[in-house]
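Peer 1: Sharing a structure, written as structure tokens. Questions coming.
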Amino acid sequence: MEQRELRLKEFAVELFKINAIKFGEYKTKVGLMTPVYCDLRVLVSYPKIMGILSDLIIDTLHTIESQEVICGVPYTALPIATIVSFKTNLPMVMRRKEAKDYGTKKLIEGIFQEGDKCLIIEDVVTSGSSILETTKDLIKEGMKVTDAIVLLNREQGGEKFLTQHGIKMHALLTMTSLMKYLKDAGCVTEESCKKVGDYLKNSQVTTNSVVTKRSKRLEMTFEDRFPYAKNEVAKRLFKIIIEKKTNLVLAADLTDATDILNLAESVGPHICSLKLHVDIVEHFNDNFTSTLSQIAKKHNFLLFEDRKFADIGKTVEYQYTRGVYKIASWASLVTAHSLTGHGVLDALLLARGSNELGVFLLAECSAKGSLIDEKYTNATITMGKNYSDLIAGYVCQQKLFVDEPGYLQLTPGVQLGVSGDDLGQQYNSPSSVILEGGADVAVVGRGITKAGNPENAAKEYKDLLWAAYLQRVKQ
Ligand code: 6AU
């Protein structure tokens, strides 16, 4: 027997001796009976075994491409990760199970850089969902997760599930190898092995159903969708939506710069983004956008220029970066038409440089008599898919791209008690755009700007939109 296998066998026997692995009839978390039970929480009482375990993990760690930090899945794997961190000098981060509701509201404690690769350490994997939960928070904070080292793979579907989410699992023991080592060492009978084998065959976690549910945009929560977002600004928008519990975008279509600033200040706490048509602002100057940026920072919302770029690429590049408005210097989101082809997106990608930019592509229009047809809409969605790093989502009126949880559906044409204006705009209610229309974020303009008290109106729209979203993900 090879050296490592011998060590693993000895380790398996130690686990058995300390009752970390038990055989009999046990009830699982979900109420099913299992002939084998693993409780690795007892490990903390056995420092010597913890030492053996950490060395085995470190050997595996050396076979994995460079990682900058490690994170143990709370709680059992936390002390294990700590020892590995200490022995390898690899810094550790810790995930809070609940984000603090005071102070910094950090999900992850510890120091790391944007883009750091974080290795996950876990004790037992059944479905893989605990690893995925931790991974989601690490990704949310800007890290990358590609590998997880686990003590025991129960071989019930978790490995496949994690692979589907881009995580390679490295298990020290599988249930099969564990049973073989224990049988060879005379710890378990042939009959126990058979029982465990039969149990595993019949108790596969149906990862397919999990994956199908997870890949349906309309049924998923913003938290669950966040890891699928590829565009950096979309990620920020997801974060803001989750933190502020608002999927309301304000269309601040006022023509006076001071009025817009006052509106932004009062409505700021209730919105995830403020959308401008900067070319309708009278007395525009750079102070306006810099003050607006400060207000956006203070109230944590994104600035969005609804420029609807629709020219040849070169012109779009200038329109985005130059001229009076210098959109690139203050807007993190913009809209673009697909009408003139992918040159528009190429131009924005190029002009974005190292700035952050997310684009919402117009796949449909809320105006009566719009010439956009189904073919155009579908071609727009397809075009966007080739620019996943740039596209934050699509502007549309109905449920489209339902299998793409990483993109956001932005739906304008929202107002209570009015069906349209006299220039072709058509309105739906907040709940219907979310529940029937499939919107993730809704744009409200005059419903707020023309209200007697815009702040109260914004709060009302925010609450209605959020309640409809909660209802949708619960269904
Ligand atoms: O609520 P309103 O009607 O006062 O404002 C709606 C806002 C305006 C429009 O330019 C914009 O939403 N809009 C868009 C966007 C967001 O691009 C697309 C569309 O199809 N309909 C529409 O109204 O600022």
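Just remember, in the structure tokens the first chain shown is A, the second B, etc., residues are 1-based per chain, and ligands are 1-based in the order shown.
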Please, which residues in chain A fall within 9 Å of ligand 1 when counting only C-alpha atoms and all ligand atoms, and what is the closest atom pair and distance in Å to one decimal for each, ordered by chain then residue number, as CSV?
Peer 2:
residue,atom,partner,partner_atom_place_in_ligand_line,distance
A:Leu250,CA,ligand 1,7 (C),8.3
A:Ala251,CA,ligand 1,24 (O),5.0
A:Ala252,CA,ligand 1,24 (O),7.3
A:Asp253,CA,ligand 1,24 (O),6.0
A:Lys275,CA,ligand 1,24 (O),7.1
A:Leu276,CA,ligand 1,24 (O),7.0
A:His277,CA,ligand 1,24 (O),6.7
A:Asp306,CA,ligand 1,17 (O),5.7
A:Arg307,CA,ligand 1,17 (O),8.1
A:Lys308,CA,ligand 1,17 (O),6.8
A:Val334,CA,ligand 1,17 (O),8.9
A:Thr335,CA,ligand 1,17 (O),6.3
A:Ala336,CA,ligand 1,17 (O),8.4
A:Phe360,CA,ligand 1,17 (O),8.2
A:Leu361,CA,ligand 1,17 (O),8.6
A:Leu362,CA,ligand 1,17 (O),6.9
A:Ala363,CA,ligand 1,20 (O),8.5
A:Glu364,CA,ligand 1,20 (O),6.0
A:Cys365,CA,ligand 1,20 (O),3.2
A:Ser366,CA,ligand 1,20 (O),3.8
A:Ala367,CA,ligand 1,20 (O),6.1
A:Ser370,CA,ligand 1,20 (O),8.9
A:Val395,CA,ligand 1,18 (C),6.4
A:Cys396,CA,ligand 1,20 (O),6.7
A:Gln397,CA,ligand 1,20 (O),7.6
A:Leu410,CA,ligand 1,16 (C),7.3
A:Thr411,CA,ligand 1,16 (C),7.0
A:Pro412,CA,ligand 1,12 (O),4.7
A:Gly413,CA,ligand 1,23 (O),5.1
A:Val414,CA,ligand 1,1 (O),5.6
A:Gln415,CA,ligand 1,1 (O),6.4
A:Gly420,CA,ligand 1,3 (O),8.0
A:Asp421,CA,ligand 1,3 (O),7.7
A:Gln425,CA,ligand 1,3 (O),6.2
A:Gln426,CA,ligand 1,3 (O),7.7
A:Tyr427,CA,ligand 1,3 (O),7.4
A:Ala442,CA,ligand 1,16 (C),8.8
A:Val443,CA,ligand 1,12 (O),5.9
A:Val444,CA,ligand 1,1 (O),4.3
A:Gly445,CA,ligand 1,1 (O),3.4
A:Arg446,CA,ligand 1,4 (O),3.7
A:Gly447,CA,ligand 1,1 (O),6.0
A:Ile448,CA,ligand 1,1 (O),8.0
A:Thr449,CA,ligand 1,4 (O),7.7
A:Lys450,CA,ligand 1,4 (O),8.6
Peer 1: Residues within 6 Å of A:Leu333, please, as a ChimeraX atom specification. Count only C-alpha atoms; anything in the same chain fewer than 3 positions from it doesn't count.
Peer 2: /A:304,357-359
Peer 1: As an NGL selection string, please: all residues of stretch 232-321 of chain A that backbone DSSP puts in alpha helix (DSSP H).
Peer 2: :A and (232-244 or 257-267 or 286-299 or 313-321)
Peer 1: Just to confirm, what's the straight-line distance from atom CA of A:Cys71 to atom CA of A:Met179 in Å (one decimal)?
Peer 2: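 Distance reported for this atom pair: 28.2 Å.
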Peer 1: How many Å separate atom CA of A:Glu133 from atom CA of A:Gly51?
Peer 2: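 Atom-to-atom, atom CA of A:Glu133 to atom CA of A:Gly51, that is 27.1 Å.
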Peer 1: Per residue of stretch 318-394 of chain A within 9 Å of stretch 215-230 of chain A, note the shortest atom pair and the distance in Å to one decimal, counting only C-alpha atoms, and order the rows by chain and increasing residue number, as a Markdown table.
Peer 2:
| residue | atom | partner | partner_atom | distance |
| --- | --- | --- | --- | --- |
| A:Ser388 | CA | A:Lys230 | CA | 6.0 |
| A:Asp389 | CA | A:Lys230 | CA | 5.2 |
| A:Leu390 | CA | A:Lys230 | CA | 7.9 |
| A:Ile391 | CA | A:Lys230 | CA | 8.2 |
| A:Ala392 | CA | A:Ala229 | CA | 7.8 |
Peer 1: Using the selection just defined, write its residues with N, CA and C atoms as a JSON list (two decimals), in the first residue's frame.
Peer 2:
[["chain", "number", "residue", "atom", "x", "y", "z"],
["A", 388, "SER", "N", -20.98, 38.86, -22.24],
["A", 388, "SER", "CA", -21.47, 38.67, -20.87],
["A", 388, "SER", "C", -20.69, 39.50, -19.85],
["A", 389, "ASP", "N", -19.47, 39.87, -20.19],
["A", 389, "ASP", "CA", -18.66, 40.66, -19.27],
["A", 389, "ASP", "C", -19.11, 42.14, -19.25],
["A", 390, "LEU", "N", -19.84, 42.54, -20.29],
["A", 390, "LEU", "CA", -20.26, 43.93, -20.42],
["A", 390, "LEU", "C", -21.74, 44.12, -20.11],
["A", 391, "ILE", "N", -22.54, 43.12, -20.44],
["A", 391, "ILE", "CA", -23.99, 43.27, -20.34],
["A", 391, "ILE", "C", -24.47, 43.01, -18.91],
["A", 392, "ALA", "N", -25.16, 43.99, -18.35],
["A", 392, "ALA", "CA", -25.74, 43.83, -17.01],
["A", 392, "ALA", "C", -27.12, 43.20, -17.14]]
Peer 1: Do a neighbour search on stretch 315-323 of chain A at 7 Å with only C-alpha atoms, toss out local chain neighbours closer than 3 positions, and write the hits as a PDB file with C-alpha atoms, in the first residue's frame.
Peer 2:
ATOM      1  CA  PHE A 309     -26.439  54.464 -27.841  1.00  0.00           C
ATOM      2  CA  ASP A 311     -24.695  54.693 -33.870  1.00  0.00           C
ATOM      3  CA  ILE A 312     -21.621  53.246 -35.492  1.00  0.00           C
ATOM      4  CA  LYS A 326     -18.309  62.819 -20.454  1.00  0.00           C
ATOM      5  CA  ILE A 327     -20.668  59.983 -19.531  1.00  0.00           C
ATOM      6  CA  ALA A 328     -17.796  57.561 -18.894  1.00  0.00           C
ATOM      7  CA  VAL A 344     -21.824  49.573 -30.333  1.00  0.00           C
ATOM      8  CA  ALA A 347     -16.943  50.419 -28.796  1.00  0.00           C
ATOM      9  CA  LEU A 348     -18.248  50.537 -25.225  1.00  0.00           C
ATOM     10  CA  ALA A 351     -13.835  52.771 -24.310  1.00  0.00           C
TER      11      ALA A 351
END
Peer 1: Using the chain letters and numbers from this document, which residues of stretch 256-441 of chain A does DSSP assign to strand (DSSP E or B), as a ChimeraX atom specification?
Peer 2: /A:256,273-276,282,302-309,333-337,358-362,367,391-395,408-411,414,420,425-426,428,441
Peer 1: Write out as an MDAnalysis selection string the residues lying within 9 Å of stretch 31-47 of chain A, counting only C-alpha atoms and excluding same-chain residues fewer than 6 positions away.
Peer 2: chainID A and resid 15 18:25 75:77 79:80 123:124 192 195:196 199
Peer 1: Can you tell me, as a list of chain:residue names, what residues are no more than 8 Å from A:Ala81 when counting only C-alpha atoms, ignoring any on the same chain fewer than 6 positions away?
Peer 2: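 Answer for this query is A:Ser54, A:Ile70, A:Cys71, A:Gly72, A:Met92, A:Ile121.
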Peer 1: Print the selection's residues with N, CA, C and O atoms to a file, as a short mmCIF file (atom, residue, chain, number, x, y, z; two decimals), in the first residue's frame.
Peer 2:
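Written out: result-v4.cif:
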data_model
loop_
_atom_site.label_atom_id
_atom_site.label_comp_id
_atom_site.auth_asym_id
_atom_site.auth_seq_id
_atom_site.Cartn_x
_atom_site.Cartn_y
_atom_site.Cartn_z
N SER A 54 -4.79 17.69 9.19
CA SER A 54 -4.28 18.89 8.52
C SER A 54 -3.12 18.55 7.59
O SER A 54 -2.99 19.11 6.51
N ILE A 70 -7.46 30.75 2.37
CA ILE A 70 -8.32 29.59 2.56
C ILE A 70 -9.50 29.97 3.46
O ILE A 70 -9.42 30.91 4.25
N CYS A 71 -10.56 29.20 3.33
CA CYS A 71 -11.75 29.47 4.13
C CYS A 71 -12.40 28.14 4.52
O CYS A 71 -12.67 27.30 3.66
N GLY A 72 -12.61 27.95 5.81
CA GLY A 72 -13.31 26.75 6.27
C GLY A 72 -14.80 27.02 6.28
O GLY A 72 -15.24 28.10 6.66
N MET A 92 -6.03 33.09 6.21
CA MET A 92 -7.39 32.55 6.24
C MET A 92 -8.41 33.69 6.22
O MET A 92 -8.13 34.78 6.68
N ILE A 121 -12.30 24.65 2.60
CA ILE A 121 -12.08 23.42 3.37
C ILE A 121 -13.41 23.04 4.00
O ILE A 121 -14.09 23.88 4.59
#
Peer 1: Using only C-alpha atoms, find the one residue out of A:Asp403, A:Glu190, A:Asp373, A:Glu68 that sits nearest to A:Leu90.
Peer 2: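 Smallest separation from A:Leu90 among the options: A:Glu68.
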Peer 1: How many Å lie between atom CA of A:Gly166 and atom CA of A:Arg95, rounded to one decimal?
Peer 2: 19.7 Å
